[in-house]
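K.L.:
This is the structure I want to talk about, given as C-alpha cells.
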Amino acid sequence: MTTSANGNFVRKPFIAGNWKMNMDHVQGITLLQKLAWTLSDAKHDYNRVEVAVFPPFTDLRGVQTLVQGDELDIVYGGQDLSQFDSGAYTGDISGQFLSKLGCSYVLVGHSERRTIHNESDEVLNAKVKAAFRHEVTPVLCVGEGLEIRQAGTHVEHTLAQLRAGVDGLTDEQAADLVVAYEPVWAIGTGEVAGPEDAQEMCAAIRAELAVLFNDAVAAKTRLLYGGSVKANNAAAIMAGSDVDGLLVGGASLDPAEFANIVRFESHLVTD
Ligand SMILES: O=C(CO)COP(=O)(O)O
C-alpha cells in the first residue's frame, strides 16, 4: 500500500495542531479563523484529510462557538484530562467537561506531561479509559528520549509505553484510539526523525497492536508522527504506509504553514 495524491489511504489521514501553552482565547480564535479561511480558499476536502486543533483549555469554549457558528469542519480537543470524573481535584479537567464542549479528541501522555508532570504509565492508562468513558477519543502519545534512541532501545521503550497505555481496552476502543509517536529528541528541536524512522516505529506499533488485540484492530488504529513537522517534510513523512497523520507543535501556530501541512498531498503532486 503506498500513499498517493489519489487518496488511496487505508485510514483517513489526520493532521493535528497541538498549540501547547500558546494562544490566549482571543488569539486562539484569530488563529482558527485564519486557518479555516486558508483551507477554505484552498478548497480543502475535510473528507479526505481530517483536521484537528488542540488549544489550551481556556480557548475551548471560544473554539466551540466559532466552529458551531461558522459550521467549520475542523475538530478540536483538549491537551490533557483527569483520570477522574469529578470531585476534589483542584486544577484538573474532567473528560466530561471536554465532551460537553464538543471535544472529539484529547491528548494523553504528551512527553511534556510525562516529563514535566511526571505522569506515569498507570495514570495515563487511567486517562485513556476516562476519555473513552466520556466518548472523547484519546490520542495516546508515546516516544523515546535521546539517550534511549542512542542506546538503540527506542522500539522496545516505545512499545512498553504503548502496552501500558492500552492495557484493558476493548477491541472497539483500541480500533478507535489514535497513537502519536513523538520522539522527544525531535520535539521543538528542528531535529526530525527521518520518514524511515517514523515508518519503522509506526509499523512496530501496528504489529504490537495486532498482537495485543488482533489484525482487524491494528488495521484500523490511526498512527501519527510528531516532532518538528513542517510543510516541507510533511509529505515525505506521510509517505510511510503505516503513518496516518501528523501531530504538529510549533508549525501549527502559523496558519499558512499549518494549512500547507494539512495539504501535504498537493506537495506529493508538485514536488
Ligand atoms: O510536541 C509536538 C506536538 O505535540 C511536536 O512539537 P514541534 O512540532 O514543535 O516539534
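Residue names in the C-alpha cells use chain letters A, B, ... in the order shown, residue numbers from 1 in each chain, and ligand numbers from 1 in the order shown.
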Within 7 Å of ligand 1, which residues show up when you count only C-alpha atoms and all ligand atoms? List them as number ranges by chain, please.
P.N.:
A: 18, 110, 182, 186-190, 226-229, 247-251
K.L.:
So which residues of region 187-251 of chain A fall under helix (DSSP H, G or I) by DSSP, listed as a ChimeraX atom specification?
P.N.:
/A:195-212,215-220,231-238,250-251
K.L.:
So which one's closest to Thr115 (chain A), A:Tyr46, A:Thr153, A:Gly145, A:Val243? Using only C-alpha atoms, please.
P.N.:
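Counting only C-alpha atoms, the residue closest to Thr115 (chain A) is A:Gly145.
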K.L.:
Quick one: residues within 12 Å of Arg133 (chain A), only C-alpha atoms, excluding same-chain residues fewer than 2 positions away - as a list in words?
P.N.:
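The filter keeps Leu81, Ser82, Gln83, Phe84, Asp85, Ser94, Gly95, Gln96, Leu98, Ser99, Ala126, Lys127, Val128, Lys129, Ala130, Ala131, Glu135, Val136, Thr137, Pro138, Leu169 and Gln173 of chain A.
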K.L.:
Give me, please, the distance in Å between CA of Ile93 (chain A) and CA of Ala160 (chain A), quoted to one decimal.
P.N.:
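That distance, rounded to one decimal, is 26.8 Å.
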K.L.:
Could you check which of A:Asp176, A:Glu144, A:Glu208, A:Asp70 is closest to Arg222 (chain A), using only C-alpha atoms?
P.N.:
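That would be A:Asp176, the residue with the smallest distance to Arg222 (chain A).
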K.L.:
Tell me which protein, DNA and RNA residues are within 9 Å of region 48-65 of chain A, counting only C-alpha atoms, leaving out same-chain ones fewer than 4 positions away, and put them as a ChimeraX atom specification.
P.N.:
/A:7,12-29,32,44,69-70,73-80,93,98,101-107,245,252,262-263
K.L.:
With only C-alpha atoms as the counted atoms, please give the residues lying no more than 8 Å from Pro255 (chain A), apart from itself and same-chain residues fewer than 2 positions off, as a count of residues only.
P.N.:
10
